[in-house]
>>> print(open('input.pdb').read())   # PDB, C-alpha atoms
ATOM      1  CA  MET D  80      -8.585  22.409  13.589  1.00  0.00           C
ATOM      2  CA  LYS D  81     -10.542  20.519  16.229  1.00  0.00           C
ATOM      3  CA  LEU D  82     -11.649  16.910  16.013  1.00  0.00           C
ATOM      4  CA  GLN D  83     -14.120  15.472  18.481  1.00  0.00           C
ATOM      5  CA  ILE D  84     -12.923  12.547  20.592  1.00  0.00           C
ATOM      6  CA  LYS D  85     -15.705   9.984  20.359  1.00  0.00           C
ATOM      7  CA  ASN D  86     -15.246   8.039  23.587  1.00  0.00           C
ATOM      8  CA  ALA D  87     -13.860  10.827  25.774  1.00  0.00           C
ATOM      9  CA  SER D  88     -15.386  11.240  29.241  1.00  0.00           C
ATOM     10  CA  PRO D  89     -16.119  14.067  29.713  1.00  0.00           C
ATOM     11  CA  ALA D  90     -16.564  15.033  26.070  1.00  0.00           C
ATOM     12  CA  GLY D  91     -13.569  16.708  24.520  1.00  0.00           C
ATOM     13  CA  ASP D  92     -11.728  17.644  21.350  1.00  0.00           C
ATOM     14  CA  ILE D  93      -8.227  17.223  20.014  1.00  0.00           C
ATOM     15  CA  GLN D  94      -6.481  20.170  18.404  1.00  0.00           C
ATOM     16  CA  LEU D  95      -4.835  19.273  15.107  1.00  0.00           C
ATOM     17  CA  SER D  96      -2.657  21.270  12.741  1.00  0.00           C
ATOM     18  CA  ASP D  97      -4.314  22.781   9.692  1.00  0.00           C
ATOM     19  CA  VAL D  98      -1.129  22.053   7.758  1.00  0.00           C
ATOM     20  CA  ALA D  99      -1.468  18.290   8.178  1.00  0.00           C
ATOM     21  CA  PHE D 100      -5.244  17.934   8.479  1.00  0.00           C
ATOM     22  CA  GLY D 101      -6.580  20.922   6.555  1.00  0.00           C
ATOM     23  CA  ARG D 102      -4.903  20.606   3.175  1.00  0.00           C
ATOM     24  CA  ALA D 103      -6.904  20.968  -0.048  1.00  0.00           C
ATOM     25  CA  TYR D 104      -7.752  17.763  -1.896  1.00  0.00           C
ATOM     26  CA  ASN D 105      -5.333  17.090  -4.766  1.00  0.00           C
ATOM     27  CA  GLU D 106      -6.622  14.103  -6.734  1.00  0.00           C
ATOM     28  CA  ALA D 107      -3.872  14.180  -9.369  1.00  0.00           C
ATOM     29  CA  LEU D 108      -1.102  14.116  -6.748  1.00  0.00           C
ATOM     30  CA  ILE D 109      -2.786  11.321  -4.782  1.00  0.00           C
ATOM     31  CA  HIS D 110      -3.165   9.255  -7.953  1.00  0.00           C
ATOM     32  CA  GLN D 111       0.499   9.736  -8.807  1.00  0.00           C
ATOM     33  CA  VAL D 112       1.709   8.757  -5.331  1.00  0.00           C
ATOM     34  CA  VAL D 113      -0.597   5.725  -5.041  1.00  0.00           C
ATOM     35  CA  THR D 114       0.404   4.532  -8.513  1.00  0.00           C
ATOM     36  CA  ALA D 115       4.085   4.913  -7.640  1.00  0.00           C
ATOM     37  CA  TYR D 116       3.562   3.028  -4.375  1.00  0.00           C
ATOM     38  CA  GLN D 117       1.902   0.129  -6.196  1.00  0.00           C
ATOM     39  CA  ALA D 118       4.565   0.114  -8.910  1.00  0.00           C
ATOM     40  CA  ALA D 119       7.317  -0.097  -6.307  1.00  0.00           C
ATOM     41  CA  GLY D 120       5.757  -3.300  -5.021  1.00  0.00           C
ATOM     42  CA  ARG D 121       6.062  -5.090  -8.352  1.00  0.00           C
ATOM     43  CA  ALA D 122       8.694  -7.803  -8.408  1.00  0.00           C
ATOM     44  CA  GLY D 123       9.987  -7.077 -11.914  1.00  0.00           C
ATOM     45  CA  THR D 124      11.793 -10.428 -11.958  1.00  0.00           C
ATOM     46  CA  LYS D 125      10.363 -11.791 -15.222  1.00  0.00           C
ATOM     47  CA  ALA D 126      13.160 -13.172 -17.416  1.00  0.00           C
ATOM     48  CA  GLN D 127      13.402 -15.206 -20.621  1.00  0.00           C
ATOM     49  CA  LYS D 128      16.305 -16.591 -22.622  1.00  0.00           C
ATOM     50  CA  THR D 129      17.483 -15.482 -26.009  1.00  0.00           C
ATOM     51  CA  ARG D 130      18.745 -17.974 -28.586  1.00  0.00           C
ATOM     52  CA  ALA D 131      22.279 -17.321 -27.339  1.00  0.00           C
ATOM     53  CA  GLU D 132      21.348 -18.361 -23.791  1.00  0.00           C
ATOM     54  CA  VAL D 133      19.363 -21.540 -24.530  1.00  0.00           C
ATOM     55  CA  ARG D 134      21.438 -24.696 -24.103  1.00  0.00           C
ATOM     56  CA  GLY D 135      22.324 -26.643 -27.267  1.00  0.00           C
ATOM     57  CA  GLY D 136      21.900 -25.803 -30.924  1.00  0.00           C
ATOM     58  CA  GLY D 137      25.560 -25.500 -31.773  1.00  0.00           C
ATOM     59  CA  LYS D 138      25.404 -27.895 -34.711  1.00  0.00           C
ATOM     60  CA  LYS D 139      23.563 -27.084 -37.918  1.00  0.00           C
ATOM     61  CA  PRO D 140      20.555 -29.507 -38.021  1.00  0.00           C
ATOM     62  CA  TRP D 141      20.990 -30.438 -41.680  1.00  0.00           C
ATOM     63  CA  ALA D 142      22.759 -29.336 -44.828  1.00  0.00           C
ATOM     64  CA  GLN D 143      21.960 -25.952 -46.262  1.00  0.00           C
ATOM     65  CA  LYS D 144      20.900 -27.451 -49.633  1.00  0.00           C
ATOM     66  CA  GLY D 145      19.684 -30.679 -51.072  1.00  0.00           C
ATOM     67  CA  THR D 146      17.368 -31.928 -48.308  1.00  0.00           C
ATOM     68  CA  GLY D 147      14.168 -30.270 -49.544  1.00  0.00           C
ATOM     69  CA  GLN D 148      13.650 -28.712 -46.148  1.00  0.00           C
ATOM     70  CA  ALA D 149      13.791 -25.095 -45.164  1.00  0.00           C
ATOM     71  CA  ARG D 150      17.174 -23.691 -44.270  1.00  0.00           C
ATOM     72  CA  ALA D 151      17.988 -24.004 -40.547  1.00  0.00           C
ATOM     73  CA  GLY D 152      21.082 -22.956 -38.725  1.00  0.00           C
ATOM     74  CA  SER D 153      20.173 -23.943 -35.141  1.00  0.00           C
ATOM     75  CA  ILE D 154      17.516 -25.914 -33.279  1.00  0.00           C
ATOM     76  CA  ARG D 155      17.443 -23.038 -30.763  1.00  0.00           C
ATOM     77  CA  SER D 156      16.116 -20.539 -33.300  1.00  0.00           C
ATOM     78  CA  PRO D 157      13.109 -18.524 -32.013  1.00  0.00           C
ATOM     79  CA  ILE D 158      10.872 -20.201 -34.613  1.00  0.00           C
ATOM     80  CA  TRP D 159      11.636 -23.665 -33.254  1.00  0.00           C
ATOM     81  CA  VAL D 160       9.885 -25.299 -30.323  1.00  0.00           C
ATOM     82  CA  GLY D 161      12.293 -25.086 -27.402  1.00  0.00           C
ATOM     83  CA  GLY D 162      14.197 -22.230 -28.984  1.00  0.00           C
ATOM     84  CA  GLY D 163      15.032 -18.871 -27.484  1.00  0.00           C
ATOM     85  CA  ARG D 164      12.784 -15.834 -27.516  1.00  0.00           C
ATOM     86  CA  ALA D 165      13.316 -13.212 -30.203  1.00  0.00           C
ATOM     87  CA  PHE D 166      12.690 -10.338 -27.778  1.00  0.00           C
ATOM     88  CA  ALA D 167      13.334 -11.908 -24.401  1.00  0.00           C
ATOM     89  CA  ALA D 168      11.977 -10.265 -21.262  1.00  0.00           C
ATOM     90  CA  ARG D 169      14.558  -8.923 -18.832  1.00  0.00           C
ATOM     91  CA  PRO D 170      14.329  -8.115 -15.094  1.00  0.00           C
ATOM     92  CA  ARG D 171      13.303  -4.500 -14.687  1.00  0.00           C
ATOM     93  CA  ASP D 172      12.653  -1.918 -12.020  1.00  0.00           C
ATOM     94  CA  PHE D 173       9.094  -0.524 -12.086  1.00  0.00           C
ATOM     95  CA  SER D 174       9.638   2.047  -9.344  1.00  0.00           C
ATOM     96  CA  GLN D 175       8.750   5.662 -10.037  1.00  0.00           C
ATOM     97  CA  LYS D 176      10.411   8.673  -8.467  1.00  0.00           C
ATOM     98  CA  VAL D 177       8.290  10.443  -5.856  1.00  0.00           C
ATOM     99  CA  ASN D 178      10.164  12.881  -3.669  1.00  0.00           C
ATOM    100  CA  ARG D 179       9.496  13.306   0.035  1.00  0.00           C
ATOM    101  CA  LYS D 180       7.613  16.587  -0.366  1.00  0.00           C
ATOM    102  CA  MET D 181       5.163  15.090  -2.869  1.00  0.00           C
ATOM    103  CA  TYR D 182       4.587  11.996  -0.714  1.00  0.00           C
ATOM    104  CA  ARG D 183       3.927  14.087   2.390  1.00  0.00           C
ATOM    105  CA  ALA D 184       1.567  16.418   0.517  1.00  0.00           C
ATOM    106  CA  ALA D 185      -0.424  13.455  -0.802  1.00  0.00           C
ATOM    107  CA  MET D 186      -0.746  11.938   2.668  1.00  0.00           C
ATOM    108  CA  GLN D 187      -1.828  15.325   4.065  1.00  0.00           C
ATOM    109  CA  SER D 188      -4.418  15.625   1.321  1.00  0.00           C
ATOM    110  CA  MET D 189      -5.829  12.169   2.043  1.00  0.00           C
ATOM    111  CA  VAL D 190      -6.162  12.559   5.814  1.00  0.00           C
ATOM    112  CA  SER D 191      -7.598  16.056   5.350  1.00  0.00           C
ATOM    113  CA  GLN D 192     -10.294  14.657   3.075  1.00  0.00           C
ATOM    114  CA  LEU D 193     -11.104  12.042   5.706  1.00  0.00           C
ATOM    115  CA  VAL D 194     -11.648  14.827   8.239  1.00  0.00           C
ATOM    116  CA  ARG D 195     -13.821  16.886   5.876  1.00  0.00           C
ATOM    117  CA  GLU D 196     -16.009  13.884   5.057  1.00  0.00           C
ATOM    118  CA  GLU D 197     -16.206  12.907   8.754  1.00  0.00           C
ATOM    119  CA  ARG D 198     -14.648   9.538   8.046  1.00  0.00           C
ATOM    120  CA  LEU D 199     -11.841   9.945  10.600  1.00  0.00           C
ATOM    121  CA  PHE D 200     -12.778   9.031  14.170  1.00  0.00           C
ATOM    122  CA  ALA D 201     -10.615  10.065  17.119  1.00  0.00           C
ATOM    123  CA  VAL D 202     -10.734   7.935  20.282  1.00  0.00           C
ATOM    124  CA  GLU D 203      -8.932   8.095  23.608  1.00  0.00           C
ATOM    125  CA  SER D 204      -7.784   4.480  23.303  1.00  0.00           C
ATOM    126  CA  LEU D 205      -8.792   1.090  21.956  1.00  0.00           C
ATOM    127  CA  GLU D 206      -7.546  -1.215  24.653  1.00  0.00           C
ATOM    128  CA  LEU D 207      -8.998  -4.714  24.904  1.00  0.00           C
ATOM    129  CA  ALA D 208      -9.171  -6.828  28.038  1.00  0.00           C
ATOM    130  CA  ALA D 209      -8.242  -9.897  26.018  1.00  0.00           C
ATOM    131  CA  PRO D 210      -7.257 -10.694  22.412  1.00  0.00           C
ATOM    132  CA  LYS D 211     -10.827 -11.683  21.516  1.00  0.00           C
ATOM    133  CA  THR D 212     -12.441 -10.992  18.165  1.00  0.00           C
ATOM    134  CA  LYS D 213     -15.891 -10.448  19.711  1.00  0.00           C
ATOM    135  CA  LEU D 214     -14.489  -7.746  21.991  1.00  0.00           C
ATOM    136  CA  LEU D 215     -13.141  -5.826  19.015  1.00  0.00           C
ATOM    137  CA  ILE D 216     -16.396  -6.227  17.088  1.00  0.00           C
ATOM    138  CA  SER D 217     -18.370  -4.865  20.024  1.00  0.00           C
ATOM    139  CA  LYS D 218     -15.905  -1.990  20.371  1.00  0.00           C
ATOM    140  CA  LEU D 219     -16.360  -1.068  16.695  1.00  0.00           C
ATOM    141  CA  ALA D 220     -20.134  -1.379  17.082  1.00  0.00           C
ATOM    142  CA  GLU D 221     -20.017   1.472  19.611  1.00  0.00           C
ATOM    143  CA  PHE D 222     -19.088   3.736  16.701  1.00  0.00           C
ATOM    144  CA  GLY D 223     -21.527   2.096  14.290  1.00  0.00           C
ATOM    145  CA  LEU D 224     -18.747   0.445  12.281  1.00  0.00           C
ATOM    146  CA  THR D 225     -18.146  -3.061  10.986  1.00  0.00           C
ATOM    147  CA  ARG D 226     -15.079  -2.282   8.860  1.00  0.00           C
ATOM    148  CA  ALA D 227     -12.315   0.263   9.355  1.00  0.00           C
ATOM    149  CA  LEU D 228      -8.601   0.965   9.501  1.00  0.00           C
ATOM    150  CA  ILE D 229      -7.463   1.252  13.109  1.00  0.00           C
ATOM    151  CA  LEU D 230      -4.449   3.519  13.615  1.00  0.00           C
ATOM    152  CA  VAL D 231      -2.477   3.099  16.828  1.00  0.00           C
ATOM    153  CA  GLU D 232       0.627   4.748  18.184  1.00  0.00           C
ATOM    154  CA  ALA D 233       2.593   1.519  18.510  1.00  0.00           C
ATOM    155  CA  TYR D 234       2.112  -2.228  18.232  1.00  0.00           C
ATOM    156  CA  GLU D 235      -0.538  -3.572  20.624  1.00  0.00           C
ATOM    157  CA  GLU D 236      -0.588  -7.361  20.697  1.00  0.00           C
ATOM    158  CA  LYS D 237      -4.143  -7.865  21.971  1.00  0.00           C
ATOM    159  CA  LEU D 238      -5.593  -5.512  19.391  1.00  0.00           C
ATOM    160  CA  PHE D 239      -3.618  -7.028  16.508  1.00  0.00           C
ATOM    161  CA  LEU D 240      -4.578 -10.572  17.486  1.00  0.00           C
ATOM    162  CA  ALA D 241      -8.250  -9.654  17.886  1.00  0.00           C
ATOM    163  CA  ALA D 242      -8.386  -8.080  14.417  1.00  0.00           C
ATOM    164  CA  ARG D 243      -6.849 -10.996  12.505  1.00  0.00           C
ATOM    165  CA  ASN D 244     -10.156 -12.756  11.874  1.00  0.00           C
ATOM    166  CA  VAL D 245     -12.284  -9.670  11.285  1.00  0.00           C
ATOM    167  CA  PRO D 246     -12.815  -9.041   7.560  1.00  0.00           C
ATOM    168  CA  TYR D 247     -12.195  -5.510   6.283  1.00  0.00           C
ATOM    169  CA  VAL D 248     -10.588  -4.459   9.574  1.00  0.00           C
ATOM    170  CA  ASP D 249      -6.864  -3.719   9.736  1.00  0.00           C
ATOM    171  CA  VAL D 250      -4.758  -2.522  12.660  1.00  0.00           C
ATOM    172  CA  MET D 251      -1.702  -0.500  11.767  1.00  0.00           C
ATOM    173  CA  PRO D 252       0.834   1.575  13.696  1.00  0.00           C
ATOM    174  CA  VAL D 253       1.373   5.087  12.378  1.00  0.00           C
ATOM    175  CA  ALA D 254       4.942   4.239  11.384  1.00  0.00           C
ATOM    176  CA  SER D 255       3.610   1.662   8.882  1.00  0.00           C
ATOM    177  CA  LEU D 256       0.847   3.826   7.392  1.00  0.00           C
ATOM    178  CA  ASP D 257       0.921   4.038   3.599  1.00  0.00           C
ATOM    179  CA  PRO D 258      -1.287   5.750   0.971  1.00  0.00           C
ATOM    180  CA  LEU D 259      -2.750   2.459  -0.267  1.00  0.00           C
ATOM    181  CA  SER D 260      -4.100   1.631   3.197  1.00  0.00           C
ATOM    182  CA  LEU D 261      -5.788   5.028   3.424  1.00  0.00           C
ATOM    183  CA  ILE D 262      -7.675   4.683   0.148  1.00  0.00           C
ATOM    184  CA  LYS D 263      -8.487   1.026   0.800  1.00  0.00           C
ATOM    185  CA  HIS D 264     -10.626   1.780   3.876  1.00  0.00           C
ATOM    186  CA  ASP D 265     -13.708   3.950   3.957  1.00  0.00           C
ATOM    187  CA  LYS D 266     -13.424   4.776   7.679  1.00  0.00           C
ATOM    188  CA  VAL D 267     -10.384   5.306   9.892  1.00  0.00           C
ATOM    189  CA  ILE D 268     -10.271   5.111  13.692  1.00  0.00           C
ATOM    190  CA  ALA D 269      -7.206   6.636  15.328  1.00  0.00           C
ATOM    191  CA  THR D 270      -6.198   7.005  18.947  1.00  0.00           C
ATOM    192  CA  VAL D 271      -5.238  10.448  20.231  1.00  0.00           C
ATOM    193  CA  GLY D 272      -1.610   9.359  20.509  1.00  0.00           C
ATOM    194  CA  ALA D 273      -1.652   8.071  16.939  1.00  0.00           C
ATOM    195  CA  LEU D 274      -3.096  11.336  15.635  1.00  0.00           C
ATOM    196  CA  LYS D 275      -0.418  13.377  17.391  1.00  0.00           C
ATOM    197  CA  LEU D 276       2.288  11.111  16.006  1.00  0.00           C
ATOM    198  CA  LEU D 277       0.758  11.276  12.526  1.00  0.00           C
ATOM    199  CA  GLU D 278       0.645  15.064  12.784  1.00  0.00           C
ATOM    200  CA  GLN D 279       4.333  15.084  13.648  1.00  0.00           C
ATOM    201  CA  ARG D 280       5.230  12.734  10.771  1.00  0.00           C
ATOM    202  CA  LEU D 281       3.271  14.831   8.268  1.00  0.00           C
ATOM    203  CA  GLY D 282       5.102  17.979   9.270  1.00  0.00           C
ATOM    204  CA  GLY D 283       2.174  19.770  10.884  1.00  0.00           C
ATOM    205  CA  ALA D 284       3.712  19.906  14.341  1.00  0.00           C
ATOM    206  CA  ARG D 285       6.600  22.091  13.126  1.00  0.00           C
ATOM    207  CA  GLU D 286       4.525  24.656  11.308  1.00  0.00           C
TER     208      GLU D 286
END
>>> encode(input="input.pdb", output="structure tokens")
Amino acid sequence: MKLQIKNASPAGDIQLSDVAFGRAYNEALIHQVVTAYQAAGRAGTKAQKTRAEVRGGGKKPWAQKGTGQARAGSIRSPIWVGGGRAFAARPRDFSQKVNRKMYRAAMQSMVSQLVREERLFAVESLELAAPKTKLLISKLAEFGLTRALILVEAYEEKLFLAARNVPYVDVMPVASLDPLSLIKHDKVIATVGALKLLEQRLGGARE
């Protein structure tokens, strides 16, 4: 599979593996992987106390009979204000099992769909002379974009600093790429080095 390099001089293409960038779209698998990714980010630290864990309440408030009041054995009963919870919440793990093969297949499916819909742009590089927001905006304007996910091979300080104040623009090294970032952005710009590294991480380079 060939992908045109937008800012190449002279014009050129990058050859990509059909395994990594030509996979059929699998909506059910993508949904499962994205849902699992979001679930893994949940804290799951909610906790409440049962009547046995609430402090106090050891003494019976009043006599069982003769007071005219309802029977009560503890002021920490769930029906009392300040009492424990009848079915107290406990810390829990929301993570779902997604094996490596499923995760890789979902990522392949997502980037392949970006290529088919011409929403993945390949560029030689995205170097900036200075960490200036206006320089990045003008660079994106060359491709007719105002919002995008920028994929780079490794951390580039000037690019990251320039993108901090640009809404709907994120800069991310390939090593940090996740399925949620791919579905969050409509367009993706990737350097040639980033695409080759992504191809290697998705298993296409070994096929």
>>> residues_near_point(input="input.pdb", point="(-1.6, 18.0, -5.9)", cutoff="12 Å", atoms="all atoms listed in the file", output="list of chain:residue names")
D:Arg102, D:Ala103, D:Tyr104, D:Asn105, D:Glu106, D:Ala107, D:Leu108, D:Ile109, D:His110, D:Gln111, D:Val112, D:Lys180, D:Met181, D:Tyr182, D:Arg183, D:Ala184, D:Ala185, D:Met186, D:Gln187, D:Ser188, D:Met189
>>> write_last_selection(input="input.pdb", atoms="C-alpha atoms", output="short mmCIF file (atom, residue, chain, number, x, y, z; two decimals), in the coordinates of the input")
data_model
loop_
_atom_site.label_atom_id
_atom_site.label_comp_id
_atom_site.auth_asym_id
_atom_site.auth_seq_id
_atom_site.Cartn_x
_atom_site.Cartn_y
_atom_site.Cartn_z
CA ARG D 102 -4.90 20.61 3.18
CA ALA D 103 -6.90 20.97 -0.05
CA TYR D 104 -7.75 17.76 -1.90
CA ASN D 105 -5.33 17.09 -4.77
CA GLU D 106 -6.62 14.10 -6.73
CA ALA D 107 -3.87 14.18 -9.37
CA LEU D 108 -1.10 14.12 -6.75
CA ILE D 109 -2.79 11.32 -4.78
CA HIS D 110 -3.16 9.26 -7.95
CA GLN D 111 0.50 9.74 -8.81
CA VAL D 112 1.71 8.76 -5.33
CA LYS D 180 7.61 16.59 -0.37
CA MET D 181 5.16 15.09 -2.87
CA TYR D 182 4.59 12.00 -0.71
CA ARG D 183 3.93 14.09 2.39
CA ALA D 184 1.57 16.42 0.52
CA ALA D 185 -0.42 13.46 -0.80
CA MET D 186 -0.75 11.94 2.67
CA GLN D 187 -1.83 15.32 4.07
CA SER D 188 -4.42 15.62 1.32
CA MET D 189 -5.83 12.17 2.04
#
>>> closest_residue(input="input.pdb", among="D:Pro258, D:Gly120, D:Pro157, D:Pro89", to="Asp172 in chain D", atoms="only C-alpha atoms")
D:Gly120
>>> atom_distance(input="input.pdb", atom1="CA of Lys139 in chain D", atom2="CA of Gly152 in chain D")
4.9 Å
>>> resolve_selection(input="input.pdb", expression="the PyMOL selection byres ((chain D and resi 259) around 10)", output="list in words")
Ile109, Val112, Val113, Thr114, Tyr116, Gln117, Leu256, Asp257, Pro258, Ser260, Leu261, Ile262, Lys263 and His264 of chain D
>>> atom_distance(input="input.pdb", atom1="CA of Ser191 in chain D", atom2="CA of Gln94 in chain D")
13.7 Å
>>> closest_residue(input="input.pdb", among="D:Val133, D:Gly101, D:Lys176, D:Arg171", to="Arg155 in chain D", atoms="only C-alpha atoms")
D:Val133
>>> resolve_selection(input="input.pdb", expression="the PyMOL selection byres ((chain D and resi 268) around 7)", output="ChimeraX atom specification")
/D:199-201,227-230,266-267,269-270
>>> atom_distance(input="input.pdb", atom1="CA of Leu238 in chain D", atom2="CA of Leu207 in chain D")
6.5 Å
>>> residues_around(input="input.pdb", residues="Arg226 in chain D", least_positions_apart="6", cutoff="12 Å", atoms="only C-alpha atoms", output="PyMOL selection string")
chain D and resi 198+215-220+242+244-250+263-268
>>> write_last_selection(input="input.pdb", atoms="C-alpha atoms", output="mmCIF file, in the coordinates of the input")
data_model
loop_
_atom_site.group_PDB
_atom_site.id
_atom_site.type_symbol
_atom_site.label_atom_id
_atom_site.label_comp_id
_atom_site.auth_asym_id
_atom_site.auth_seq_id
_atom_site.Cartn_x
_atom_site.Cartn_y
_atom_site.Cartn_z
ATOM 1 C CA ARG D 198 -14.648 9.538 8.046
ATOM 2 C CA LEU D 215 -13.141 -5.826 19.015
ATOM 3 C CA ILE D 216 -16.396 -6.227 17.088
ATOM 4 C CA SER D 217 -18.370 -4.865 20.024
ATOM 5 C CA LYS D 218 -15.905 -1.990 20.371
ATOM 6 C CA LEU D 219 -16.360 -1.068 16.695
ATOM 7 C CA ALA D 220 -20.134 -1.379 17.082
ATOM 8 C CA ALA D 242 -8.386 -8.080 14.417
ATOM 9 C CA ASN D 244 -10.156 -12.756 11.874
ATOM 10 C CA VAL D 245 -12.284 -9.670 11.285
ATOM 11 C CA PRO D 246 -12.815 -9.041 7.560
ATOM 12 C CA TYR D 247 -12.195 -5.510 6.283
ATOM 13 C CA VAL D 248 -10.588 -4.459 9.574
ATOM 14 C CA ASP D 249 -6.864 -3.719 9.736
ATOM 15 C CA VAL D 250 -4.758 -2.522 12.660
ATOM 16 C CA LYS D 263 -8.487 1.026 0.800
ATOM 17 C CA HIS D 264 -10.626 1.780 3.876
ATOM 18 C CA ASP D 265 -13.708 3.950 3.957
ATOM 19 C CA LYS D 266 -13.424 4.776 7.679
ATOM 20 C CA VAL D 267 -10.384 5.306 9.892
ATOM 21 C CA ILE D 268 -10.271 5.111 13.692
#
>>> closest_residue(input="input.pdb", among="D:Ile93, D:Leu193, D:Val177, D:Ala151", to="Gly137 in chain D", atoms="only C-alpha atoms")
D:Ala151
>>> resolve_selection(input="input.pdb", expression="the PyMOL selection byres ((chain D and resi 280) around 12)", output="PyMOL selection string")
chain D and resi 96+98-100+179+182-184+186-187+232+253-256+273-279+281-286
>>> closest_residue(input="input.pdb", among="D:Ala118, D:Ile158, D:Leu205, D:Gly163", to="Glu235 in chain D", atoms="all atoms listed in the file")
D:Leu205
>>> closest_residue(input="input.pdb", among="D:Arg130, D:Pro140, D:Val231, D:Ala90", to="Ser204 in chain D", atoms="all atoms listed in the file")
D:Val231
>>> closest_residue(input="input.pdb", among="D:Arg169, D:Val160, D:Lys144, D:Ile154", to="Lys128 in chain D", atoms="only C-alpha atoms")
D:Arg169
